[in-house]
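Notes follow once the structure below has been shown.
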Amino acid sequence: MAVLTVSRQYGAGGRRVARALADRLRFVFVDRELAEEAAKRLGLDPEVVKARDERAPALVEELGMALAAATPGFGLAPVPDLDDRSLAEATRRVILSLARAGSYVILGRGAQAALADRADACHLSLVGEVGDRARRIAEWQHVDEKEALIRCERVDAERAGYVRRFYGRDIRDPLLYNCILNTSRLPMDVAVDVAVTVARQKLAP
């Protein structure tokens, strides 16, 4: 079954491109909404999950915990008092289940590393000049560019640390990806077009 992963630097437009890619390919887009829904089923406050998402990869761990406890269909059993590594492993198992089901676009969560050896997976990465990304974040989040730059550096470091800690991989390694798109050089709509073309070529039966 075919699955797409989209890694992104903070502010590079990953969510926008991943969602458009899913729409164009008629795949299911998987991001924070899934964790928020799982949180509701567990009686957790979605706002707590949202707040933790600012400290990525906490949301990855929340996703793993929620699905492990609430979704037997994924083949996971409830595990009480999960530590970080157990939560990361639960998340990895969810990612593998989505890959087996196919027709998903998974945004972040270390999926490019979890599925690195699957021939039926296409891995995309979105990058951009930090100044461009900070300007986007400043506009989207209504903060000044200095604060936006701090957020870009912090979130990028946290995401890289998660992949390094739990998968032993460097998120910046170009060999993890089928295609790297620089949204400082490409307009977003062009980045989507290129992503669609790469995905269709890679995942063609």
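By convention in this document, the chains of the structure tokens carry letters A, B, ... by their order, each chain's residues are numbered from 1, and ligands are numbered from 1 in the order they are shown.
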### Query
Which polymer residues have any atom within 7 Å of an atom of Leu4 (chain A), counting only C-alpha atoms, with same-chain residues fewer than 5 positions away left out, as a PyMOL selection string?
chain A and resi 104-106+121-123
Could you dump the residues just selected with C-alpha atoms as a tab-separated table (two decimals), in the first residue's frame?
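Saved to again-v5.tsv:
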```
chain	number	residue	atom	x	y	z
A	104	TYR	CA	-2.24	8.28	4.08
A	105	VAL	CA	-0.17	11.45	4.11
A	106	ILE	CA	1.58	11.60	7.48
A	121	ALA	CA	6.54	4.89	0.99
A	122	CYS	CA	7.46	8.24	-0.52
A	123	HIS	CA	9.26	10.70	1.72
```
Please report as CSV every residue of region 82-139 of chain A lying within 7 Å of region 7-29 of chain A, along with the nearest atom pair and their distance in Å (one decimal), using only C-alpha atoms.
```
residue,atom,partner,partner_atom,distance
A:Ser103,CA,A:Phe27,CA,4.7
A:Tyr104,CA,A:Val28,CA,4.7
A:Val105,CA,A:Phe29,CA,4.9
A:Ile106,CA,A:Phe29,CA,6.3
A:Leu107,CA,A:Ser7,CA,6.3
A:Gly108,CA,A:Ser7,CA,4.9
A:Leu124,CA,A:Ser7,CA,6.2
A:Ser125,CA,A:Ser7,CA,4.6
A:Leu126,CA,A:Arg8,CA,4.6
A:Val127,CA,A:Gln9,CA,5.3
A:Gly128,CA,A:Ala12,CA,5.5
A:Arg133,CA,A:Gly11,CA,4.5
A:Ala134,CA,A:Gly11,CA,6.6
A:Arg136,CA,A:Gly11,CA,6.1
A:Ile137,CA,A:Gly11,CA,5.8
```
Selection export as an mmCIF file, in the first residue's frame, atoms kept: N, CA and C atoms:
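again39.cif, freshly written:
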```cif
data_model
loop_
_atom_site.group_PDB
_atom_site.id
_atom_site.type_symbol
_atom_site.label_atom_id
_atom_site.label_comp_id
_atom_site.auth_asym_id
_atom_site.auth_seq_id
_atom_site.Cartn_x
_atom_site.Cartn_y
_atom_site.Cartn_z
ATOM 1 N N SER A 103 -2.674 4.810 1.668
ATOM 2 C CA SER A 103 -3.428 6.006 1.271
ATOM 3 C C SER A 103 -3.492 7.058 2.379
ATOM 4 N N TYR A 104 -2.371 7.241 3.068
ATOM 5 C CA TYR A 104 -2.242 8.277 4.077
ATOM 6 C C TYR A 104 -1.097 9.222 3.719
ATOM 7 N N VAL A 105 -1.274 10.487 4.095
ATOM 8 C CA VAL A 105 -0.171 11.447 4.108
ATOM 9 C C VAL A 105 0.082 11.775 5.568
ATOM 10 N N ILE A 106 1.244 11.415 6.068
ATOM 11 C CA ILE A 106 1.583 11.595 7.480
ATOM 12 C C ILE A 106 2.534 12.781 7.601
ATOM 13 N N LEU A 107 2.135 13.759 8.375
ATOM 14 C CA LEU A 107 2.960 14.949 8.558
ATOM 15 C C LEU A 107 3.820 14.801 9.809
ATOM 16 N N GLY A 108 5.134 14.785 9.613
ATOM 17 C CA GLY A 108 6.063 14.750 10.734
ATOM 18 C C GLY A 108 6.003 13.458 11.518
ATOM 19 N N LEU A 124 8.952 13.088 1.572
ATOM 20 C CA LEU A 124 9.200 14.450 1.107
ATOM 21 C C LEU A 124 9.644 15.308 2.280
ATOM 22 N N SER A 125 10.482 16.287 1.985
ATOM 23 C CA SER A 125 10.927 17.224 3.010
ATOM 24 C C SER A 125 10.780 18.642 2.485
ATOM 25 N N LEU A 126 10.254 19.520 3.335
ATOM 26 C CA LEU A 126 10.136 20.932 2.986
ATOM 27 C C LEU A 126 11.101 21.743 3.837
ATOM 28 N N VAL A 127 11.895 22.553 3.172
ATOM 29 C CA VAL A 127 12.879 23.389 3.848
ATOM 30 C C VAL A 127 12.732 24.816 3.348
ATOM 31 N N GLY A 128 13.420 25.732 3.998
ATOM 32 C CA GLY A 128 13.410 27.120 3.552
ATOM 33 C C GLY A 128 14.428 27.922 4.329
ATOM 34 N N ARG A 133 11.189 31.649 6.701
ATOM 35 C CA ARG A 133 10.302 30.898 7.583
ATOM 36 C C ARG A 133 9.874 31.744 8.778
ATOM 37 N N ALA A 134 10.804 32.512 9.327
ATOM 38 C CA ALA A 134 10.475 33.372 10.459
ATOM 39 C C ALA A 134 9.452 34.434 10.062
ATOM 40 N N ARG A 136 7.149 34.112 7.787
ATOM 41 C CA ARG A 136 5.851 33.444 7.695
ATOM 42 C C ARG A 136 5.256 33.214 9.080
ATOM 43 N N ILE A 137 6.074 32.724 10.000
ATOM 44 C CA ILE A 137 5.597 32.466 11.352
ATOM 45 C C ILE A 137 5.139 33.765 12.016
#
```
### Message
I'd like the neighbourhood of Leu176 (chain A) as a list in words, where a residue qualifies if any of its atoms comes within 8 Å (using only C-alpha atoms), though same-chain residues fewer than 4 positions away should be ignored.
### Response
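Here the answer would be Gln112, Ala113, Ala116, His123 and Ile171 of chain A.
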Keeping only C-alpha atoms, write the selected residues as a PDB file, in the first residue's frame.
```pdb
ATOM      1  CA  GLN A 112      10.208   9.268   7.353  1.00  0.00           C
ATOM      2  CA  ALA A 113      12.547   7.366   9.673  1.00  0.00           C
ATOM      3  CA  ALA A 116      12.620   4.463   5.750  1.00  0.00           C
ATOM      4  CA  HIS A 123       9.260  10.703   1.721  1.00  0.00           C
ATOM      5  CA  ILE A 171      16.426  14.617  10.102  1.00  0.00           C
TER       6      ILE A 171
END
```
### Message
Need the shell around region 99-101 of chain A: protein/DNA/RNA residues with any atom at most 8 Å away, counting only C-alpha atoms. Skip same-chain ones fewer than 3 positions apart. Format as JSON, numbers by chain?
### Response
{"A": [1, 2, 3, 95, 96, 104, 115, 121]}
### Task
Please measure the separation of CA of Arg92 (chain A) and CA of Tyr177 (chain A), giving the value in Å to one decimal.
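These two atoms are separated by 18.0 Å.
Of the listed residues (A:Ala111, A:Val155, A:Ala195, A:Ala160), A:Ala111 comes nearest to Ser97 (chain A); the distances count only C-alpha atoms.
Across the structure, CA of Tyr162 (chain A) and CA of Ala88 (chain A) are spaced 8.9 Å apart.
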### Query
Which is closer to Leu175 (chain A) than all the others in A:Val30, A:Glu145, A:Asp117, A:Arg135, using only C-alpha atoms?
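Looking at the shortest contact to Leu175 (chain A), the residue is A:Asp117.
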